[in-house]
Structures are given as structure tokens and as C-alpha cells.
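What follows is a set of notes on a single structure, which appears directly below.
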Amino acid sequence: MSNNLEEYTTRDDSEINENYNSSDSEEYVENYINNGLGTRRNKNRKWCRTLSTSSEEEDPHLTQNIENCKRTEMFLWTKKNLTPILHIFDDGNSGVKVHLNAQSTPFDAFQIFFSEELVSQITEQTNNYFKYVKDHIACKTNSRLNNWQNASVCEMYGFFCTTMLMSRVRKLSLREYWSTDEMLKTSIFRKIIARDRYMLLLQMLNFNDHNVINDDPIIKIRPVVDKLKKSFSQSFTPYENLCIDESLVPYKGRCYFKQFIPSKRSRFGIKIFVLCDCRTNYVLDFIIYTGKKTEISQSTSTIGISGNVVMTLLQPYFEKGHTLITDNWYTSPRLYTLLHEHKTNAFGTVRKNRSEMPRMEESLKKGEICYRSTNNLLAMKWRDKKDVWMLSTVHAARLIETEKRNYRTGLKKTKPSCIADYNSYMGAVDKVDMVLSTLNSTRKTIKWYKKLFFRLLDLAIYNAYILYKNSTGTKQKFNEFHSALVKDTLRKYPQSRSVVGGGKKDSKDIPFRLTERHFLSKCSNQTDKAQLARRKCVVCAKHKKRSDTRYECRKCDVGLCIDCFETYHTQMNF
């Protein structure tokens, strides 16, 4: 409606007469009538003339409709450039808000989120869930559940460390981490926790009382979600620029709020709306999408679900002068106007068919821009390889030079300032996903809430890394912090498991010397005096006997006495 009103109220009589006689005049008039401004009896040339602002006579119906537009907060776009009214941000209070110093360890930062209190609660719920399973499910005779012992906080930290280590040592299945095969063996896992015990803890892992009946979709993991959301927001005060984007937890099992996003690499999963600080990439808050029951405020119905997500996440940061960057799923004129009223600047890409967006029919060549503006909004279209639409309360429509050059002319390329800023700040959530994809603690499981828990564990580790890095002033990389965190945790909570042989030997573990065909031969190395070389017998050497021999096994490349050849190739422990 605002688009047609602006077009007609800014043209003179000659333009209207020309448009009326053109083939598309009927479409303009019909659109105007269908939008509620005017009646069908006005569908003639005289009606068109009354819409001109240069006419001496004013149509009372038109004046009344304009006033109705103002009362309903409709947007009247003009071709004037925007002079932004910026809200000033004070970054004096920004930064880390917890007690960490230069002597703090990675585990100190991690305990801000996964404290003993939270881990104790998880341990208690895991033990209670075993009791529930034992009472309601008949266990087989050879089931691992028959060997259950209540878990402790120390053991649960060891369980988390084992899961974190698995992201650094990639193997095809969980059992391979405890394999005794020489090609696959990684002894650290056997030192921390037994294989069957790890499998049992993973099976019984639980986070809330199983008997609670509630219509909350994430009731199974609610205590962990609430605890982490609270600690995330209280531990860090963001800087000026914030961004909101969605992240996907890969999952293909049964979950009614599972999403399909074709643009993501893992297309199926649980969607999370994430609020990030653009300067440090710290995750400030998140909302788990659960369909109609998603925890978002419904106070403003005119901005849609995407706008309500933004308002919910930004609610603690209103009236402070922050600048929000969003993509085209969130951006709308109504949302940005509402944010401006809350002293929050905003800019981002926008869909051209979004409600209240102006119509810009100009055909642009590459590098050209066109724009419309209101009192505090700039809508701009820029032609690159395709049309890019932007909405901003921060920028004016102006081009700036970039560091890239045109390979033909050698001149620096230009682009709108709002697009340059968007490219600089928008990728915070994607950067977090990229870093966590290299050290992903998520394990294969059919339970969606376990999948989600390990994702939250990774987010807590990443936030701990940001706090540690900013508090100590070190330039440590995330993988170095991750490794140091595992070591510090195991020193703080040592696992009292004695290393055992590993159980029954597999046929694949038989040494090479016992499985192939071997033959006794003379040592092949010749000396200058044309005498046969001698080698030490490995069997005699093991028994601390001194014995040089002229014979060897060329396949095994060891020296052997004639009497020791059979012993070496037939006995596991000679």
C-alpha cells in the first residue's frame, strides 16, 4: 500500500496523464483500489488527477487515508538519502565479568559453565535413571546393566574427557578406541575408563527426572539448557556489534521439531538461534527451535516469528546503543523500526518482497545502486552478480573503495558501505560452527537430547576458550586450549582405574612372525674380507645370553640361531 501511495503522491499531472494512457495504468489503479485507498467509482482520469500533490484541490478521502497510514505506522518511502540517527554505545563495561586472571587455567574457565554443581546434578540423574530402567525393564543375563555401579562426579568428568579426546582421535566406531590391535591401539582411553563402563555411562546418561510430566519439548535437557543460558549471559558483557543467525545440530533420528535446511552441509538436524558478539565470537544466548512451543516472546505480532526471535534474544541489551546485524530471514522494516525505538541500531540483507518494502523498478548495471528512505530507514538495492537488497538504520547510501581491484582497469572496486560492514561482521555464528566442526564431541546416538547435550558441551568449551583468552592475554589456539583442558581436568579429577591387559585377544592381534611363511637363511651382508657377517640372536638376547649367529630370517629382519628359529616363529612370548 505504501509503495503505490508514494508513487502517486510524488508525480505531477503530466506524469499521471502519461501513465494513465499507458498500458500499465489500469494495473496501478487496480492495485491502489485493492489496497483500500479509493473506490471503484474513482477509476477514471479525474481520480488520477486528484492524487497529484501539485493539484490545488485536495481529495478529502485521500487526506483521510494518508492520516490512517500514519496512525497505523505505514512507511512512506522517498528518494532522499538517509541521514542516520545513531544511538551511541559505551563500551566501558564490555568484556569478561567473571574472576579470571593471568594465572587461571583452562579448567578454571571451563568450570564457570560446567561446575561441580552441574556435573553432580547430571551424575545424580544418571544414577536415578539406572534405577528406573532396572525397575521397569527386564535385563538379560549377560547385560552390562548387571555390573552397574553408581557413578561419581570424578568419574563423570573422566567420561567427558574421554568424549572430548575422541574428537581429536578419529576412529570408525567406539570399540576401536579400546582396541588392542597394534595398528589401532590408543592406550590413553584404557587408562581413563574401561570400554564397557564408558558404553554403560553413555547409555544411562540423563539430565532430568524421568518421572516429570510436562509439555515442554526439551524437558529431558531443561536443567542443562537453563544453567548454560544463564552462565553464558552473566559471564560476558558484549561489545557494540551483535549478530543473530541459526546453527544446526546434525541429527536424523526421531524428533518432531527436527528441521531440514538445504543450505547447510548437514541438512537435517535441530535448529538453534544463536546470539553472538561480533568482536570475540562469544555465544551470548541461544534459543532451541521446537516449533510452536519455541520459547520466544509473542508481545509483538506484527513482526512475525523471526522478529520475535530477535526481540527475545536482544531483550537484555536494549537501550544501550548496540548494533545488530541480521540476514534476510530476520530483517524487516517493522522490526528495524521497533529496534530503533529501543535505541538499537541495525542493518542487514532483506528480501525484496518483505512487507512494507518499497518498490524499486530501476534496472541497474553492475556496481550501480538505487535507494529509498524514511525518517530512520534506508532501503537499498545494489547490483553485483545479482541484485542485493539491504535495509539499515545505520548507513547512508554511499559507495566506498575496497582493497580489491578490477583486473581490467586496475582501479579499486567499490561497494556500498553497509554491504562492506555486513561482510565484516555477519559471520560470527558461522565461525563458531567452523571451529567446533574440527573438534566435535557429538557421538552417534539415537537420543536427540544426548546429541544436543554434546553440542552444548562444545559451546561451553568454546566460550571458556574466549574467556580464558581475553583474561590471560594469551594467543593460544582453540585446539591447544582443548588439549590443555583435558589434561587439567584429568589432573584435577584423576581416574583411579588400574590398567589391565585388555581382555581376550583377537585373532587379528597375532604378531606377523606367527602368521606368515618364514625361512632360515645365511646373513647376506658381506665384509671386505669376503667373510659372512654375523648378527645377534634376538631370542638369546632376550634371555640375556650372548650369542652371535650367521643365520637370519629375512622377512622379520632379525638374527636367529638355528635352535631359536622355531621358538621365535611359534611362541607368542618366547
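For the C-alpha cells, the naming scheme is as follows: chains receive sequential letters (A, B, ...) according to their order of presentation, residues are indexed from 1 within each chain, and ligands are indexed from 1 in presentation order.
Residues lying within 10 Å of Leu202 (chain A), counting only C-alpha atoms and ignoring same-chain neighbours fewer than 4 positions away, are A:Thr126, A:Phe159, A:Thr163, A:Asp196, A:Arg197, A:Tyr198, A:Asn206, A:Arg443, A:Thr445, A:Lys450.
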So that I have them on file, write out the residues from the current selection with C-alpha atoms, as a short mmCIF file (atom, residue, chain, number, x, y, z; two decimals), in the first residue's frame.
data_model
loop_
_atom_site.label_atom_id
_atom_site.label_comp_id
_atom_site.auth_asym_id
_atom_site.auth_seq_id
_atom_site.Cartn_x
_atom_site.Cartn_y
_atom_site.Cartn_z
CA THR A 126 22.17 -40.69 35.58
CA PHE A 159 33.65 -39.55 30.94
CA THR A 163 34.41 -37.90 24.85
CA ASP A 196 32.15 -51.34 28.91
CA ARG A 197 31.93 -48.70 31.63
CA TYR A 198 32.01 -45.89 29.06
CA ASN A 206 20.38 -38.47 31.77
CA ARG A 443 28.79 -39.07 19.32
CA THR A 445 23.25 -41.83 19.35
CA LYS A 450 22.16 -36.55 24.10
#
As a ChimeraX atom specification, please: the residues near His395 (chain A) (cut-off 7 Å, only C-alpha atoms, same-chain neighbours under 3 positions excluded). /A:84,392,418
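Using only C-alpha atoms, the smallest distance between any of A:Ala397, A:Leu184, A:Leu118, A:Ile305 and Thr83 (chain A) comes from A:Ala397.
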Could you pull the residues within 9 Å of His340 (chain A), counting only C-alpha atoms, minus those fewer than 5 positions along the same chain, as number ranges by chain? A: 87, 335, 345-346, 376, 393
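Minimum distance to Glu362 (chain A) across A:Arg383, A:Gly158, A:Asp108, A:Ser332 (counting only C-alpha atoms) occurs at A:Arg383.
Among the candidates A:Val224, A:Pro217, A:Lys366, A:Lys171, the one nearest to Thr294 (chain A) when counting only C-alpha atoms is A:Pro217.
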Neighbouring residues of Ile562 (chain A) were defined as those with any atom within 9 Å, considering only C-alpha atoms; residues of the same chain fewer than 5 positions away were excluded. Please report them as number ranges by chain. A: 520, 549, 551-552
Would you mind exporting the chosen residues as a PDB file, in the first residue's frame, restricted to N, CA, C and O atoms?
ATOM      1  N   LEU A 520      64.879 -69.959   7.111  1.00  0.00           N
ATOM      2  CA  LEU A 520      66.206 -69.663   7.664  1.00  0.00           C
ATOM      3  C   LEU A 520      67.188 -69.479   6.507  1.00  0.00           C
ATOM      4  O   LEU A 520      67.214 -70.257   5.567  1.00  0.00           O
ATOM      5  N   THR A 549      75.293 -65.171  15.557  1.00  0.00           N
ATOM      6  CA  THR A 549      74.888 -66.222  14.626  1.00  0.00           C
ATOM      7  C   THR A 549      75.100 -65.766  13.199  1.00  0.00           C
ATOM      8  O   THR A 549      75.090 -64.570  12.898  1.00  0.00           O
ATOM      9  N   TYR A 551      73.047 -66.789  10.888  1.00  0.00           N
ATOM     10  CA  TYR A 551      71.764 -67.030  10.234  1.00  0.00           C
ATOM     11  C   TYR A 551      70.755 -65.930  10.623  1.00  0.00           C
ATOM     12  O   TYR A 551      70.867 -65.313  11.684  1.00  0.00           O
ATOM     13  N   GLU A 552      69.749 -65.767   9.779  1.00  0.00           N
ATOM     14  CA  GLU A 552      68.730 -64.740   9.993  1.00  0.00           C
ATOM     15  C   GLU A 552      67.427 -65.141   9.320  1.00  0.00           C
ATOM     16  O   GLU A 552      67.397 -66.059   8.489  1.00  0.00           O
TER      17      GLU A 552
END
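Rounded to one decimal, CA of Lys293 (chain A) and CA of Asp216 (chain A) lie 7.7 Å from each other.
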Residues near Thr290 (chain A), cut-off 12 Å, only C-alpha atoms, skip fewer than 4 positions along chain, as number ranges by chain: A: 215-219, 255-259, 269-273, 294-296
Could you tell me how far CA of Leu490 (chain A) lies from CA of Cys161 (chain A), in Å and to one decimal? 7.5 Å
Shortest interatomic distance to Ala428 (chain A) - which of A:Arg535, A:Lys343, A:Lys477, A:Arg279, counting only C-alpha atoms: A:Arg279
Excluding region 554-558 of chain A and residues on its chain fewer than 2 positions from it, collect all residues at most 9 Å away from it, counting only C-alpha atoms, and give them as a VMD selection string. chain A and resid 512 to 513 516 to 521 523 535 to 538 551 to 552 560
Just list as a PyMOL selection string whatever in region 58-249 of chain A DSSP marks as strand (DSSP E or B). chain A and resi 78+95-96+236-237+241-249
Selected residues written out, N, CA and C atoms, as a compact mmCIF listing (two decimals), in the first residue's frame:
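out.txt, freshly written:
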# COMPACT_ATOMS: atom_id res chain seq x y z
N THR A 78 10.70 7.77 0.34
CA THR A 78 11.06 8.83 -0.59
C THR A 78 12.41 8.50 -1.22
N GLY A 95 33.25 -6.79 28.18
CA GLY A 95 34.35 -7.72 28.45
C GLY A 95 33.95 -8.82 29.42
N VAL A 96 34.96 -9.50 29.95
CA VAL A 96 34.76 -10.64 30.85
C VAL A 96 34.26 -10.16 32.20
N PHE A 236 29.86 -12.59 30.48
CA PHE A 236 30.48 -11.72 29.47
C PHE A 236 29.50 -10.63 29.08
N THR A 237 29.98 -9.39 29.02
CA THR A 237 29.20 -8.26 28.52
C THR A 237 29.67 -7.93 27.12
N ASN A 241 28.83 -4.49 18.45
CA ASN A 241 28.19 -5.20 17.35
C ASN A 241 27.77 -6.61 17.76
N LEU A 242 26.52 -6.94 17.47
CA LEU A 242 25.96 -8.25 17.75
C LEU A 242 25.37 -8.82 16.46
N CYS A 243 25.33 -10.13 16.36
CA CYS A 243 24.67 -10.74 15.20
C CYS A 243 23.86 -11.95 15.65
N ILE A 244 22.80 -12.23 14.91
CA ILE A 244 21.92 -13.36 15.17
C ILE A 244 21.86 -14.22 13.91
N ASP A 245 22.06 -15.51 14.09
CA ASP A 245 21.99 -16.44 12.97
C ASP A 245 21.59 -17.80 13.53
N GLU A 246 21.26 -18.74 12.63
CA GLU A 246 20.88 -20.07 13.09
C GLU A 246 22.03 -21.05 12.92
N SER A 247 22.09 -22.02 13.83
CA SER A 247 23.06 -23.09 13.79
C SER A 247 22.31 -24.41 13.79
N LEU A 248 22.88 -25.44 13.17
CA LEU A 248 22.19 -26.71 13.04
C LEU A 248 22.99 -27.81 13.71
N VAL A 249 22.34 -28.55 14.63
CA VAL A 249 22.94 -29.73 15.27
C VAL A 249 22.57 -30.94 14.44
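Note that the spacing between CA of Asn211 (chain A) and CA of Ser297 (chain A) amounts to 28.5 Å.
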I want to know what sits within 8 Å of region 141-153 of chain A, based on only C-alpha atoms, with residues of the same chain fewer than 4 positions away left out; could you give that as number ranges by chain? A: 116, 119-120, 123, 126-127, 157, 196, 200
Residue subset to file, keeping N, CA, C and O atoms, as a JSON list (two decimals), in the first residue's frame:
[["chain", "number", "residue", "atom", "x", "y", "z"],
["A", 116, "GLU", "N", 31.05, -28.11, 39.41],
["A", 116, "GLU", "CA", 30.80, -29.36, 40.12],
["A", 116, "GLU", "C", 29.32, -29.52, 40.44],
["A", 116, "GLU", "O", 28.80, -30.64, 40.48],
["A", 119, "VAL", "N", 27.67, -30.85, 37.18],
["A", 119, "VAL", "CA", 28.11, -32.22, 36.91],
["A", 119, "VAL", "C", 27.55, -33.17, 37.97],
["A", 119, "VAL", "O", 27.17, -34.31, 37.67],
["A", 120, "SER", "N", 27.45, -32.70, 39.22],
["A", 120, "SER", "CA", 26.86, -33.52, 40.28],
["A", 120, "SER", "C", 25.39, -33.79, 39.99],
["A", 120, "SER", "O", 24.90, -34.91, 40.23],
["A", 123, "THR", "N", 25.25, -36.38, 37.29],
["A", 123, "THR", "CA", 25.60, -37.69, 37.85],
["A", 123, "THR", "C", 24.44, -38.28, 38.63],
["A", 123, "THR", "O", 24.12, -39.48, 38.51],
["A", 126, "THR", "N", 21.74, -39.48, 36.27],
["A", 126, "THR", "CA", 22.17, -40.69, 35.58],
["A", 126, "THR", "C", 21.99, -41.91, 36.47],
["A", 126, "THR", "O", 21.50, -42.96, 36.02],
["A", 127, "ASN", "N", 22.36, -41.79, 37.74],
["A", 127, "ASN", "CA", 22.16, -42.90, 38.67],
["A", 127, "ASN", "C", 20.68, -43.20, 38.89],
["A", 127, "ASN", "O", 20.27, -44.37, 38.97],
["A", 157, "TYR", "N", 33.50, -36.51, 35.15],
["A", 157, "TYR", "CA", 34.49, -35.66, 34.48],
["A", 157, "TYR", "C", 35.40, -36.49, 33.58],
["A", 157, "TYR", "O", 35.77, -36.05, 32.48],
["A", 196, "ASP", "N", 33.53, -51.02, 28.54],
["A", 196, "ASP", "CA", 32.15, -51.34, 28.91],
["A", 196, "ASP", "C", 31.57, -50.30, 29.85],
["A", 196, "ASP", "O", 30.37, -50.00, 29.80],
["A", 200, "LEU", "N", 28.29, -48.01, 29.14],
["A", 200, "LEU", "CA", 27.18, -48.03, 30.09],
["A", 200, "LEU", "C", 26.82, -46.62, 30.53],
["A", 200, "LEU", "O", 25.63, -46.28, 30.65]]
Going by DSSP on the backbone, which residues of region 75-322 of chain A come out as alpha helix (DSSP H)? List them as JSON, numbers by chain. {"A": [106, 107, 108, 109, 110, 116, 117, 118, 119, 120, 121, 122, 123, 124, 125, 126, 127, 128, 129, 130, 131, 132, 133, 134, 135, 136, 153, 154, 155, 156, 157, 158, 159, 160, 161, 162, 163, 164, 165, 166, 187, 188, 189, 190, 191, 192, 195, 196, 197, 198, 199, 200, 201, 202, 203, 204, 222, 223, 224, 225, 226, 227, 228, 229, 230, 231, 232, 233, 234, 304, 305, 306, 307, 308, 309, 310, 311, 312, 313, 314]}
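Residue nearest Leu457 (chain A), chosen from A:Ile192, A:Cys540, A:Met164, A:Leu378 and counting only C-alpha atoms: A:Met164.
Here the question is which of A:Lys352, A:Lys381, A:His482, A:Arg190 gets nearest to Phe110 (chain A) using only C-alpha atoms, and that residue is A:His482.
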